[in-house]
$ cat start.txt   # compact mmCIF, C-alpha atoms and all ligand atoms
# COMPACT_ATOMS: atom_id res chain seq x y z
CA MET N 1 16.78 16.67 12.70
CA GLU N 2 17.47 15.97 9.06
CA ILE N 3 15.19 13.26 7.69
CA THR N 4 17.08 10.78 5.54
CA ASN N 5 14.53 8.00 5.16
CA VAL N 6 10.73 7.78 5.37
CA SER N 7 10.63 5.68 8.55
CA GLU N 8 12.12 8.59 10.51
CA TYR N 9 8.80 10.42 10.35
CA GLU N 10 7.03 7.91 12.57
CA PRO N 11 8.67 8.82 15.91
CA ILE N 12 8.15 12.52 15.13
CA ALA N 13 4.46 11.89 14.42
CA LYS N 14 4.17 9.86 17.61
CA GLU N 15 5.46 12.78 19.63
CA LYS N 16 3.20 15.32 17.94
CA LEU N 17 -0.10 13.48 17.75
CA PRO N 18 -2.63 12.73 20.48
CA LYS N 19 -2.25 9.11 21.56
CA MET N 20 -5.66 8.14 20.19
CA VAL N 21 -4.74 9.40 16.72
CA TYR N 22 -1.23 7.98 16.61
CA ASP N 23 -2.49 4.59 17.76
CA TYR N 24 -5.23 4.60 15.12
CA TYR N 25 -2.71 5.31 12.36
CA ALA N 26 0.00 2.97 13.57
CA SER N 27 -1.95 -0.07 14.73
CA GLY N 28 -2.60 -3.40 13.12
CA ALA N 29 -5.17 -6.03 14.07
CA GLU N 30 -4.98 -8.25 17.16
CA ASP N 31 -1.43 -9.62 17.75
CA GLN N 32 -0.13 -7.35 14.98
CA TRP N 33 1.80 -10.32 13.58
CA THR N 34 1.06 -9.35 10.00
CA LEU N 35 1.97 -5.74 10.76
CA LYS N 36 5.49 -6.77 11.69
CA GLU N 37 5.64 -9.29 8.86
CA ASN N 38 4.62 -6.76 6.18
CA ARG N 39 7.80 -4.90 6.94
CA GLU N 40 10.15 -7.74 7.86
CA ALA N 41 9.43 -9.89 4.85
CA PHE N 42 11.37 -7.35 2.82
CA PHE N 43 14.57 -8.08 4.76
CA GLN N 44 16.25 -10.80 6.70
CA ASP N 45 15.49 -12.09 10.14
CA SER N 46 18.64 -13.98 11.02
CA ARG N 47 16.92 -16.07 13.72
CA PHE N 48 15.50 -18.20 10.95
CA SER N 49 18.54 -18.44 8.75
CA LEU N 50 19.63 -21.59 6.98
CA VAL N 51 23.22 -22.63 7.30
CA TYR N 52 24.95 -24.40 4.44
CA THR N 53 28.34 -25.91 3.86
CA ARG N 54 30.01 -26.35 0.55
CA PRO N 55 33.44 -27.54 -0.48
CA TYR N 56 35.98 -25.45 -2.26
CA TRP N 57 39.58 -26.11 -3.11
CA LEU N 58 42.63 -24.35 -1.79
CA GLN N 59 45.40 -23.38 -4.23
CA ASP N 60 47.41 -26.48 -3.37
CA GLY N 61 44.42 -28.65 -4.24
CA ARG N 62 43.38 -29.51 -0.71
CA PRO N 63 39.61 -29.42 -0.08
CA CYS N 64 38.20 -27.01 2.41
CA TRP N 65 34.64 -26.46 3.68
CA MET N 66 32.97 -23.16 3.57
CA VAL N 67 30.14 -22.47 5.99
CA GLY N 68 27.66 -19.89 4.87
CA ASN N 69 24.39 -18.37 5.85
CA LEU N 70 21.62 -18.24 3.32
CA GLY N 71 19.04 -16.61 5.51
CA GLY N 72 15.76 -18.47 5.56
CA ARG N 73 13.23 -15.82 6.11
CA TYR N 74 13.63 -12.99 3.72
CA LEU N 75 12.08 -12.21 0.46
CA ALA N 76 14.90 -11.63 -1.93
CA ARG N 77 18.39 -10.42 -2.52
CA PHE N 78 19.47 -8.45 -5.54
CA ARG N 79 21.35 -9.79 -8.55
CA PRO N 80 22.63 -6.48 -9.91
CA ARG N 81 23.97 -6.17 -13.42
CA ILE N 82 27.05 -4.09 -14.10
CA LEU N 83 28.64 -1.93 -16.78
CA ILE N 84 25.37 -0.65 -18.14
CA ASP N 85 25.13 3.06 -18.93
CA VAL N 86 22.88 4.33 -16.13
CA SER N 87 23.44 8.04 -16.69
CA LYS N 88 19.74 8.42 -17.50
CA ILE N 89 17.06 6.59 -15.55
CA ASP N 90 13.43 6.66 -16.66
CA MET N 91 10.99 5.87 -13.86
CA THR N 92 7.85 6.97 -15.67
CA THR N 93 5.01 4.53 -16.15
CA THR N 94 1.45 4.40 -17.41
CA ILE N 95 -1.28 3.29 -15.00
CA LEU N 96 -4.73 2.60 -16.50
CA GLY N 97 -3.72 4.85 -19.38
CA PHE N 98 -2.42 7.70 -17.22
CA LYS N 99 1.22 8.62 -17.40
CA ILE N 100 2.85 9.20 -14.02
CA SER N 101 6.37 10.06 -12.91
CA MET N 102 7.14 6.90 -10.93
CA PRO N 103 5.49 3.61 -9.87
CA ILE N 104 4.99 4.88 -6.30
CA MET N 105 1.46 6.05 -5.50
CA ILE N 106 -0.56 7.05 -2.46
CA ALA N 107 -2.88 4.53 -0.81
CA PRO N 108 -6.20 5.65 0.66
CA THR N 109 -5.96 6.37 4.37
CA ALA N 110 -8.91 7.69 6.31
CA MET N 111 -9.26 10.92 8.28
CA GLN N 112 -6.09 12.78 7.36
CA LYS N 113 -7.15 16.01 9.09
CA MET N 114 -6.45 14.29 12.38
CA ALA N 115 -2.80 14.37 11.30
CA HIS N 116 -2.71 17.97 10.05
CA PRO N 117 -5.30 20.74 9.50
CA GLU N 118 -4.65 20.62 5.74
CA GLY N 119 -5.21 16.85 5.71
CA GLU N 120 -6.18 15.48 2.30
CA TYR N 121 -5.56 18.84 0.57
CA ALA N 122 -1.90 18.63 1.51
CA THR N 123 -1.65 15.04 0.32
CA ALA N 124 -3.38 15.86 -2.96
CA ARG N 125 -1.04 18.77 -3.65
CA ALA N 126 2.05 16.77 -2.75
CA ALA N 127 0.99 13.88 -5.01
CA SER N 128 0.20 16.22 -7.84
CA SER N 129 3.52 18.05 -7.61
CA ALA N 130 5.35 14.70 -7.57
CA GLY N 131 3.42 13.70 -10.69
CA THR N 132 1.84 10.67 -9.09
CA ILE N 133 -1.57 9.31 -8.16
CA MET N 134 -3.39 9.94 -4.89
CA THR N 135 -6.16 7.61 -3.81
CA LEU N 136 -8.76 9.40 -1.67
CA SER N 137 -10.45 7.37 1.07
CA SER N 138 -14.24 7.17 1.32
CA TRP N 139 -13.66 8.17 4.94
CA ALA N 140 -11.65 11.26 4.14
CA THR N 141 -12.12 14.40 6.20
CA SER N 142 -12.27 16.34 2.90
CA SER N 143 -14.85 15.65 0.20
CA VAL N 144 -14.19 14.54 -3.36
CA GLU N 145 -15.16 18.04 -4.54
CA GLU N 146 -12.83 19.76 -2.07
CA VAL N 147 -9.90 17.56 -3.07
CA ALA N 148 -10.63 18.19 -6.75
CA SER N 149 -10.56 21.94 -6.05
CA THR N 150 -6.91 21.77 -4.95
CA GLY N 151 -5.91 21.73 -8.62
CA PRO N 152 -5.07 19.28 -11.34
CA GLY N 153 -3.88 15.79 -10.55
CA ILE N 154 -4.64 12.16 -11.32
CA ARG N 155 -6.73 10.76 -8.50
CA PHE N 156 -8.48 7.52 -7.68
CA PHE N 157 -11.39 7.18 -5.28
CA GLN N 158 -11.47 4.36 -2.72
CA LEU N 159 -14.93 2.98 -2.12
CA TYR N 160 -16.52 1.35 0.90
CA VAL N 161 -19.91 -0.10 0.03
CA TYR N 162 -22.62 1.05 2.45
CA ARG N 163 -25.80 -0.92 3.09
CA ASP N 164 -27.72 1.96 1.55
CA ARG N 165 -26.88 1.63 -2.12
CA ASN N 166 -28.29 5.07 -2.92
CA VAL N 167 -25.52 6.51 -0.79
CA VAL N 168 -22.94 4.53 -2.79
CA ALA N 169 -24.41 5.44 -6.16
CA GLN N 170 -24.49 9.16 -5.26
CA LEU N 171 -20.91 9.09 -4.02
CA VAL N 172 -19.59 7.31 -7.10
CA ARG N 173 -21.35 9.84 -9.31
CA ARG N 174 -19.83 12.70 -7.33
CA ALA N 175 -16.34 11.17 -7.62
CA GLU N 176 -16.81 10.82 -11.38
CA ARG N 177 -17.95 14.41 -11.70
CA ALA N 178 -15.04 15.61 -9.60
CA GLY N 179 -12.68 14.02 -12.13
CA PHE N 180 -11.51 10.93 -10.25
CA LYS N 181 -10.15 8.39 -12.73
CA ALA N 182 -10.77 5.00 -11.10
CA ILE N 183 -12.52 3.33 -8.20
CA ALA N 184 -10.44 1.28 -5.77
CA LEU N 185 -13.05 -1.05 -4.31
CA THR N 186 -11.94 -2.23 -0.87
CA VAL N 187 -12.98 -5.85 -0.48
CA ASP N 188 -11.31 -6.88 2.76
CA THR N 189 -13.58 -5.02 5.16
CA PRO N 190 -17.04 -6.59 5.52
CA ARG N 191 -16.35 -6.00 9.22
CA LEU N 192 -13.63 -3.94 10.82
CA GLY N 193 -10.54 -5.81 12.05
CA ARG N 194 -10.03 -5.90 15.79
CA ARG N 195 -7.62 -3.10 16.57
CA GLU N 196 -7.11 -3.30 20.28
CA ALA N 197 -5.56 0.12 20.78
CA ASP N 198 -8.69 1.69 19.24
CA ILE N 199 -10.85 -0.30 21.62
CA LYS N 200 -8.79 0.79 24.63
CA ASN N 201 -8.75 4.43 23.47
CA ARG N 202 -12.48 4.40 22.60
CA PHE N 203 -11.40 5.73 19.23
CA THR N 204 -13.74 8.19 17.58
CA LEU N 205 -13.47 10.99 15.05
CA PRO N 206 -12.76 14.25 16.90
CA PRO N 207 -15.93 16.40 17.10
CA PHE N 208 -14.52 19.21 14.93
CA LEU N 209 -14.11 16.82 11.97
CA THR N 210 -16.54 14.92 9.75
CA LEU N 211 -16.35 12.18 7.16
CA LYS N 212 -16.88 14.87 4.57
CA ASN N 213 -18.13 12.67 1.74
CA PHE N 214 -21.07 11.66 3.91
CA GLU N 215 -21.80 14.98 5.57
CA GLY N 216 -24.98 15.75 3.65
CA LEU N 217 -26.18 12.18 4.07
CA ASP N 218 -26.24 12.27 7.85
CA LEU N 219 -23.50 9.66 7.98
CA GLY N 220 -20.58 12.01 8.52
CA LYS N 221 -20.30 11.72 12.28
CA MET N 222 -19.07 8.87 14.39
CA ASP N 223 -20.80 8.24 17.68
CA LYS N 224 -18.80 7.56 20.80
CA SER N 225 -19.09 3.94 21.79
CA ASP N 226 -17.87 1.70 24.55
CA ASP N 227 -15.35 0.13 22.22
CA SER N 228 -13.96 1.47 18.92
CA GLY N 229 -16.30 4.11 17.49
CA LEU N 230 -15.13 3.17 14.00
CA ALA N 231 -15.89 -0.52 14.52
CA SER N 232 -19.44 0.42 15.59
CA TYR N 233 -19.82 2.75 12.59
CA VAL N 234 -18.72 -0.02 10.23
CA ALA N 235 -21.03 -2.54 11.90
CA GLY N 236 -23.93 -0.14 11.39
CA GLN N 237 -23.26 1.12 7.87
CA ILE N 238 -21.05 -1.20 5.83
CA ASP N 239 -22.62 -3.95 3.76
CA ARG N 240 -21.47 -7.36 4.99
CA THR N 241 -23.23 -9.07 2.11
CA LEU N 242 -20.81 -7.59 -0.45
CA SER N 243 -19.93 -10.20 -3.07
CA TRP N 244 -18.76 -10.54 -6.68
CA LYS N 245 -22.24 -9.72 -7.95
CA ASP N 246 -21.81 -6.26 -6.43
CA VAL N 247 -18.73 -5.72 -8.56
CA LYS N 248 -21.06 -6.22 -11.51
CA TRP N 249 -23.55 -3.83 -9.92
CA LEU N 250 -20.83 -1.23 -9.50
CA GLN N 251 -19.92 -1.61 -13.17
CA SER N 252 -23.56 -0.98 -14.04
CA ILE N 253 -23.52 2.41 -12.28
CA THR N 254 -20.11 3.68 -13.38
CA SER N 255 -17.86 3.59 -16.39
CA LEU N 256 -14.77 4.18 -14.28
CA PRO N 257 -12.28 1.30 -14.15
CA ILE N 258 -12.46 -0.72 -10.94
CA LEU N 259 -9.42 -1.87 -9.01
CA VAL N 260 -10.11 -4.64 -6.51
CA LYS N 261 -8.17 -3.73 -3.37
CA GLY N 262 -7.43 -6.50 -0.88
CA VAL N 263 -6.61 -9.59 -2.96
CA LEU N 264 -4.17 -12.09 -1.40
CA THR N 265 -4.75 -15.32 -3.35
CA ALA N 266 -4.54 -16.67 -6.89
CA GLU N 267 -8.17 -17.83 -6.65
CA ASP N 268 -9.45 -14.33 -5.98
CA ALA N 269 -7.16 -12.83 -8.59
CA SER N 270 -8.78 -15.11 -11.19
CA LEU N 271 -12.25 -14.20 -9.97
CA ALA N 272 -11.43 -10.50 -10.09
CA ILE N 273 -10.39 -10.84 -13.72
CA GLN N 274 -13.47 -12.93 -14.57
CA ASN N 275 -15.53 -10.14 -13.04
CA LYS N 276 -13.82 -7.57 -15.27
CA ALA N 277 -11.69 -5.78 -12.71
CA ALA N 278 -9.32 -3.35 -14.40
CA GLY N 279 -6.59 -4.16 -11.91
CA ILE N 280 -5.77 -5.87 -8.63
CA ILE N 281 -4.23 -4.42 -5.50
CA VAL N 282 -2.47 -7.01 -3.38
CA SER N 283 -3.16 -5.58 0.05
CA ASN N 284 -3.86 -6.71 3.59
CA HIS N 285 -5.11 -3.25 4.53
CA GLY N 286 -1.84 -2.38 6.22
CA ALA N 287 -2.33 -5.44 8.48
CA ARG N 288 -5.43 -3.88 10.03
CA GLN N 289 -7.98 -6.53 9.07
CA LEU N 290 -7.24 -10.27 9.34
CA ASP N 291 -4.14 -10.93 11.42
CA TYR N 292 -1.83 -13.81 10.33
CA VAL N 293 -2.36 -13.25 6.63
CA PRO N 294 1.01 -13.20 4.90
CA ALA N 295 3.04 -10.11 4.21
CA THR N 296 1.76 -8.70 0.94
CA ILE N 297 5.19 -8.94 -0.69
CA THR N 298 5.14 -12.71 -0.12
CA ALA N 299 1.63 -13.03 -1.60
CA LEU N 300 2.46 -10.95 -4.66
CA GLU N 301 4.01 -13.58 -6.91
CA GLU N 302 1.04 -15.94 -6.53
CA VAL N 303 -1.35 -13.20 -7.61
CA VAL N 304 0.88 -12.07 -10.46
CA GLY N 305 1.04 -15.68 -11.67
CA ALA N 306 -2.74 -15.98 -11.70
CA ALA N 307 -3.21 -12.63 -13.44
CA ARG N 308 -0.99 -13.79 -16.31
CA GLY N 309 -0.51 -10.24 -17.51
CA ARG N 310 -4.20 -9.72 -18.21
CA VAL N 311 -4.55 -6.85 -15.74
CA PRO N 312 -1.97 -4.86 -13.80
CA VAL N 313 -1.22 -6.02 -10.26
CA PHE N 314 -0.26 -3.48 -7.60
CA LEU N 315 0.97 -3.90 -4.03
CA ASP N 316 0.70 -2.01 -0.78
CA GLY N 317 1.90 -2.83 2.73
CA GLY N 318 5.21 -2.09 4.41
CA VAL N 319 6.83 -0.25 1.52
CA ARG N 320 9.36 2.08 3.16
CA ARG N 321 12.41 1.95 0.87
CA GLY N 322 13.24 2.32 -2.80
CA THR N 323 14.66 -1.19 -2.61
CA ASP N 324 11.20 -2.41 -1.51
CA VAL N 325 9.68 -0.83 -4.61
CA PHE N 326 12.28 -2.52 -6.80
CA LYS N 327 11.60 -5.93 -5.22
CA ALA N 328 7.85 -5.55 -5.80
CA LEU N 329 8.41 -4.65 -9.45
CA ALA N 330 10.88 -7.52 -9.92
CA LEU N 331 8.16 -9.86 -8.61
CA GLY N 332 5.74 -8.52 -11.19
CA ALA N 333 3.94 -5.54 -9.63
CA SER N 334 3.13 -2.63 -11.92
CA GLY N 335 3.43 -0.20 -9.03
CA VAL N 336 3.11 0.22 -5.29
CA PHE N 337 1.06 2.34 -2.92
CA ILE N 338 2.16 3.77 0.42
CA GLY N 339 -0.11 4.35 3.43
CA ARG N 340 1.38 5.20 6.81
CA PRO N 341 4.45 7.10 5.56
CA VAL N 342 2.02 9.71 4.20
CA LEU N 343 0.16 10.02 7.51
CA PHE N 344 3.30 10.29 9.62
CA SER N 345 5.00 12.84 7.37
CA LEU N 346 1.75 14.80 7.14
CA ALA N 347 1.62 14.93 10.94
CA ALA N 348 5.24 16.01 11.15
CA GLU N 349 5.46 18.60 8.35
CA GLY N 350 2.17 18.84 6.45
CA GLU N 351 2.41 19.06 2.66
CA ALA N 352 6.20 19.51 2.79
CA GLY N 353 6.47 16.24 4.68
CA VAL N 354 4.45 14.28 2.14
CA ARG N 355 6.48 15.83 -0.68
CA LYS N 356 9.64 14.79 1.11
CA VAL N 357 8.42 11.20 1.54
CA LEU N 358 7.64 10.94 -2.16
CA LYS N 359 11.01 12.43 -3.05
CA LEU N 360 12.95 10.17 -0.69
CA LEU N 361 11.30 7.05 -2.10
CA ARG N 362 11.76 8.29 -5.65
CA ASP N 363 15.46 9.02 -5.09
CA GLU N 364 16.05 5.69 -3.37
CA PHE N 365 14.25 3.82 -6.12
CA GLU N 366 16.20 5.63 -8.82
CA LEU N 367 19.48 4.75 -7.09
CA THR N 368 18.41 1.11 -6.74
CA MET N 369 17.66 1.00 -10.46
CA ALA N 370 21.02 2.54 -11.32
CA LEU N 371 22.99 0.20 -9.07
CA SER N 372 21.09 -2.80 -10.47
CA GLY N 373 21.74 -1.78 -14.06
CA CYS N 374 18.13 -0.93 -14.95
CA ILE N 375 17.43 2.24 -16.88
CA SER N 376 13.67 1.88 -17.32
CA LEU N 377 10.96 -0.05 -15.51
CA LYS N 378 10.77 -2.68 -18.21
CA ASP N 379 14.42 -3.54 -17.51
CA ILE N 380 13.51 -4.72 -14.00
CA THR N 381 13.06 -8.49 -14.23
CA ARG N 382 12.64 -11.51 -12.04
CA ASN N 383 16.32 -12.25 -12.68
CA HIS N 384 17.32 -9.15 -10.74
CA ILE N 385 16.43 -10.86 -7.46
CA ILE N 386 17.01 -14.25 -5.93
CA THR N 387 14.85 -15.80 -3.20
CA PRO N 388 16.14 -18.05 -0.39
CA ALA N 389 14.63 -21.13 -2.05
CA GLU N 390 16.34 -20.33 -5.34
CA ALA N 391 19.64 -19.62 -3.58
CA LYS N 392 19.46 -22.95 -1.76
CA HIS N 393 18.80 -24.71 -5.00
CA SER N 394 21.69 -23.09 -6.82
CA ILE N 395 24.11 -23.88 -3.98
CA SER N 396 23.03 -27.52 -3.94
CA ARG N 397 23.96 -27.72 -7.62
CA LEU N 398 27.50 -26.55 -6.94
C1 LIG S 401 -5.77 2.53 5.94
N1 LIG S 401 -6.14 1.80 4.82
C2 LIG S 401 -7.35 2.07 4.21
N2 LIG S 401 -7.73 1.37 3.12
C3 LIG S 401 -8.89 1.64 2.51
O1 LIG S 401 -9.21 0.97 1.52
N3 LIG S 401 -9.70 2.64 2.95
C4 LIG S 401 -9.39 3.40 4.04
O2 LIG S 401 -10.12 4.30 4.42
C5 LIG S 401 -8.18 3.10 4.72
N4 LIG S 401 -7.83 3.79 5.83
C6 LIG S 401 -6.64 3.51 6.45
C7 LIG S 401 -6.28 4.26 7.58
C8 LIG S 401 -5.05 4.03 8.17
C9 LIG S 401 -4.68 4.83 9.39
C10 LIG S 401 -4.16 3.07 7.64
C11 LIG S 401 -2.80 2.85 8.24
C12 LIG S 401 -4.53 2.33 6.55
C13 LIG S 401 -5.22 0.82 4.21
C14 LIG S 401 -4.30 1.49 3.21
O3 LIG S 401 -5.02 1.84 2.05
C15 LIG S 401 -3.15 0.57 2.77
O4 LIG S 401 -3.67 -0.67 2.38
C16 LIG S 401 -2.08 0.37 3.85
O5 LIG S 401 -1.94 1.53 4.64
C17 LIG S 401 -0.75 0.01 3.22
O6 LIG S 401 0.18 -0.32 4.17
P1 LIG S 401 1.29 0.69 4.78
O7 LIG S 401 1.93 1.42 3.63
O8 LIG S 401 0.57 1.60 5.72
O9 LIG S 401 2.22 -0.24 5.47
$ encode --input "start.txt" --output "structure tokens"
Amino acid sequence: MEITNVSEYEPIAKEKLPKMVYDYYASGAEDQWTLKENREAFFQDSRFSLVYTRPYWLQDGRPCWMVGNLGGRYLARFRPRILIDVSKIDMTTTILGFKISMPIMIAPTAMQKMAHPEGEYATARAASSAGTIMTLSSWATSSVEEVASTGPGIRFFQLYVYRDRNVVAQLVRRAERAGFKAIALTVDTPRLGRREADIKNRFTLPPFLTLKNFEGLDLGKMDKSDDSGLASYVAGQIDRTLSWKDVKWLQSITSLPILVKGVLTAEDASLAIQNKAAGIIVSNHGARQLDYVPATITALEEVVGAARGRVPVFLDGGVRRGTDVFKALALGASGVFIGRPVLFSLAAEGEAGVRKVLKLLRDEFELTMALSGCISLKDITRNHIITPAEAKHSISRL
């Protein structure tokens, strides 16, 4: 079957993967409300639409009432501009000083060799050939050194802070030496969210794989447990005491810029900046941690407002279309990251699949820019979209 959008990889991955693996990749926490919301906030759910009436006048001067539907529960609609020369579109951008081909990057997702034998190597190569950034998970099934050996590329390293700080310090040093350019510090996981499919499946890392970054430290294996093996691993190893003072500690052991991944409020955005974060990632961990947090796209503007342009703000969660990328940028994001589309395409077609996902999103985003009259990222403004609240307001002024 010809793949024409990134979501089409998911059913293929579901068919190919063992149930335990597919469920681990696909699931969210508890009721999975936020999982659905992350995606749906980008478009309309007509069950919640607002109906309006407004008068207009027929040619003979008689009044008439028009009934319309504003839609109550969607993020934004476009306000495209026309008759702008869009024969050349520039999607390039600079992230923390590194020039990349487009504002679409790869989020850290754990254990990619469960999806495909090439795992993180394939993802690294695909990102590099697309000219964009890959973020490698702490819990990758390939080490920082192995991923670096795949060739050149701009890469970030995602960090989970273990109780044993020597382990963390060693790992950060290795990531630095392997040429990683930034640390994405995940701050939403002092404990693992309750992912019920993983509990039912007794999820554990298959015995032929290891969490490669921790192999030499005796922390690379995951024991079987009578619920989720990953939840038990996290409970045993991850530092629940993590706080802002540890961001300072991290800065004392590395000169790499630190992105705080998992911010959803203005308050925490301000604290991140006070604590010298180089950037903020608005993320709810792909809806795998606290259920009933808002869709990231609806939390974005609050965080952007608090950041006041002092540091770049990024977004991940539910990005599946070029139009989604455009909406995030119009609301002030400097770029987006994608998680599951990489895993599902990797499962379906390995490196070629991940390349295809990046190309599909790139092409869709380019088309969205052209049809909105934007020829470079700086042309994308808040005026290119309208939210339901704004639409309601402008109708009431008619
Ligand atoms: C993740 N995510 C994640 N985040 C992180 O900081 N470290 C990690 O190891 C992982 N691992 C992981 C595994 C799987 C299977 C998923 C689905 C997600 C979260 C990830 O970085 C990102 O926030 C979300 O995946 C973004 O949402 P979408 O694009 O998957 O909707």
$ closest_residue --input "start.txt" --among "N:Val325, N:Ile82, N:Leu256, N:Met222" --to "Phe180 of chain N" --atoms "only C-alpha atoms"
N:Leu256
$ residues_near_ligand --input "start.txt" --ligand "ligand LIG 401 (chain S)" --cutoff "6 Å" --atoms "only C-alpha atoms and all ligand atoms" --output "compact mmCIF listing (two decimals) with C-alpha atoms, keeping the file's coordinate frame"
# COMPACT_ATOMS: atom_id res chain seq x y z
CA TYR N 24 -5.23 4.60 15.12
CA TYR N 25 -2.71 5.31 12.36
CA ALA N 107 -2.88 4.53 -0.81
CA PRO N 108 -6.20 5.65 0.66
CA THR N 109 -5.96 6.37 4.37
CA ALA N 110 -8.91 7.69 6.31
CA SER N 137 -10.45 7.37 1.07
CA SER N 138 -14.24 7.17 1.32
CA TRP N 139 -13.66 8.17 4.94
CA GLN N 158 -11.47 4.36 -2.72
CA THR N 186 -11.94 -2.23 -0.87
CA SER N 283 -3.16 -5.58 0.05
CA HIS N 285 -5.11 -3.25 4.53
CA GLY N 286 -1.84 -2.38 6.22
CA ASP N 316 0.70 -2.01 -0.78
CA GLY N 317 1.90 -2.83 2.73
CA GLY N 318 5.21 -2.09 4.41
CA VAL N 319 6.83 -0.25 1.52
CA ILE N 338 2.16 3.77 0.42
CA GLY N 339 -0.11 4.35 3.43
CA ARG N 340 1.38 5.20 6.81
$ closest_residue --input "start.txt" --among "N:Ile3, N:Val293, N:Met114, N:Val303" --to "Leu209 of chain N" --atoms "only C-alpha atoms"
N:Met114
$ atom_distance --input "start.txt" --atom1 "atom CA of Leu371 of chain N" --atom2 "atom CA of Glu390 of chain N"
21.9 Å
$ closest_residue --input "start.txt" --among "N:Met1, N:Leu331, N:Ala76, N:Leu192" --to "Thr387 of chain N" --atoms "only C-alpha atoms"
N:Ala76
$ residues_around --input "start.txt" --residues "Ala306 of chain N" --least-positions-apart "6" --cutoff "12 Å" --atoms "all atoms listed in the file" --output "PyMOL selection string"
chain N and resi 263-274+280+299-300+312-313+332
$ residues_around --input "start.txt" --residues "segment 17-20 of chain N" --least-positions-apart "4" --cutoff "9 Å" --atoms "only C-alpha atoms" --output "number ranges by chain"
N: 12-13, 24-25, 114-115, 197-198, 201-204, 347-348
$ atom_distance --input "start.txt" --atom1 "atom CA of Ala127 of chain N" --atom2 "atom CA of Arg355 of chain N"
7.3 Å
$ closest_residue --input "start.txt" --among "N:Arg321, N:Lys378, N:Lys245, N:Lys200" --to "Ser225 of chain N" --atoms "only C-alpha atoms"
N:Lys200
$ closest_residue --input "start.txt" --among "N:Ala295, N:Leu205, N:Leu343, N:Ala148" --to "Ile106 of chain N" --atoms "all atoms listed in the file"
N:Leu343
$ atom_distance --input "start.txt" --atom1 "atom CA of Glu120 of chain N" --atom2 "atom CA of Leu346 of chain N"
9.3 Å
$ axis_aligned_box --input "start.txt" --around "segment 123-133 of chain N" --padding-each-side "5 Å" --output "JSON"
{"center_x": 1.0, "center_y": 14.0, "center_z": -5.2, "size_x": 18.7, "size_y": 19.5, "size_z": 21.0}
$ residues_around --input "start.txt" --residues "Val144 of chain N" --least-positions-apart "2" --cutoff "8 Å" --atoms "only C-alpha atoms" --output "PyMOL selection string"
chain N and resi 136+142+146-148+174-175+178+213
$ closest_residue --input "start.txt" --among "N:Ser7, N:Asn38, N:Ser143, N:Thr323" --to "Ile380 of chain N" --atoms "all atoms listed in the file"
N:Thr323
$ residues_around --input "start.txt" --residues "segment 88-97 of chain N" --least-positions-apart "6" --cutoff "12 Å" --atoms "all atoms listed in the file" --output "PyMOL selection string"
chain N and resi 103-105+130-133+154-156+181-183+256-259+277-280+311-314+322+325-326+329+333-336+361-380
$ residues_around --input "start.txt" --residues "segment 239-244 of chain N" --least-positions-apart "6" --cutoff "7 Å" --atoms "all atoms listed in the file" --output "ChimeraX atom specification"
/N:161-163,190-191
$ decode --input "start.txt" --residues "segment 340-368 of chain N" --atoms "C-alpha atoms" --output "PDB file, in the first residue's frame"
ATOM      1  CA  ARG N 340       5.460   7.629  17.758  1.00  0.00           C
ATOM      2  CA  PRO N 341       5.521   8.265  13.992  1.00  0.00           C
ATOM      3  CA  VAL N 342       9.225   7.369  14.113  1.00  0.00           C
ATOM      4  CA  LEU N 343       8.598   4.123  16.007  1.00  0.00           C
ATOM      5  CA  PHE N 344       5.753   2.985  13.783  1.00  0.00           C
ATOM      6  CA  SER N 345       7.552   3.762  10.524  1.00  0.00           C
ATOM      7  CA  LEU N 346      10.703   2.125  11.876  1.00  0.00           C
ATOM      8  CA  ALA N 347       8.702  -1.021  12.620  1.00  0.00           C
ATOM      9  CA  ALA N 348       7.135  -0.976   9.170  1.00  0.00           C
ATOM     10  CA  GLU N 349      10.116  -0.123   6.952  1.00  0.00           C
ATOM     11  CA  GLY N 350      13.235   0.535   9.041  1.00  0.00           C
ATOM     12  CA  GLU N 351      15.377   3.508   8.012  1.00  0.00           C
ATOM     13  CA  ALA N 352      13.387   3.998   4.790  1.00  0.00           C
ATOM     14  CA  GLY N 353      10.233   4.354   6.858  1.00  0.00           C
ATOM     15  CA  VAL N 354      11.688   7.029   9.126  1.00  0.00           C
ATOM     16  CA  ARG N 355      13.026   8.888   6.089  1.00  0.00           C
ATOM     17  CA  LYS N 356       9.575   8.731   4.551  1.00  0.00           C
ATOM     18  CA  VAL N 357       7.929  10.105   7.707  1.00  0.00           C
ATOM     19  CA  LEU N 358      10.329  13.041   7.774  1.00  0.00           C
ATOM     20  CA  LYS N 359       9.767  13.685   4.087  1.00  0.00           C
ATOM     21  CA  LEU N 360       5.982  13.482   4.329  1.00  0.00           C
ATOM     22  CA  LEU N 361       5.894  15.970   7.196  1.00  0.00           C
ATOM     23  CA  ARG N 362       8.376  18.225   5.448  1.00  0.00           C
ATOM     24  CA  ASP N 363       6.357  18.210   2.213  1.00  0.00           C
ATOM     25  CA  GLU N 364       3.077  18.806   4.029  1.00  0.00           C
ATOM     26  CA  PHE N 365       4.577  21.643   6.036  1.00  0.00           C
ATOM     27  CA  GLU N 366       6.046  23.241   2.926  1.00  0.00           C
ATOM     28  CA  LEU N 367       2.670  23.073   1.191  1.00  0.00           C
ATOM     29  CA  THR N 368       0.940  24.573   4.244  1.00  0.00           C
TER      30      THR N 368
END
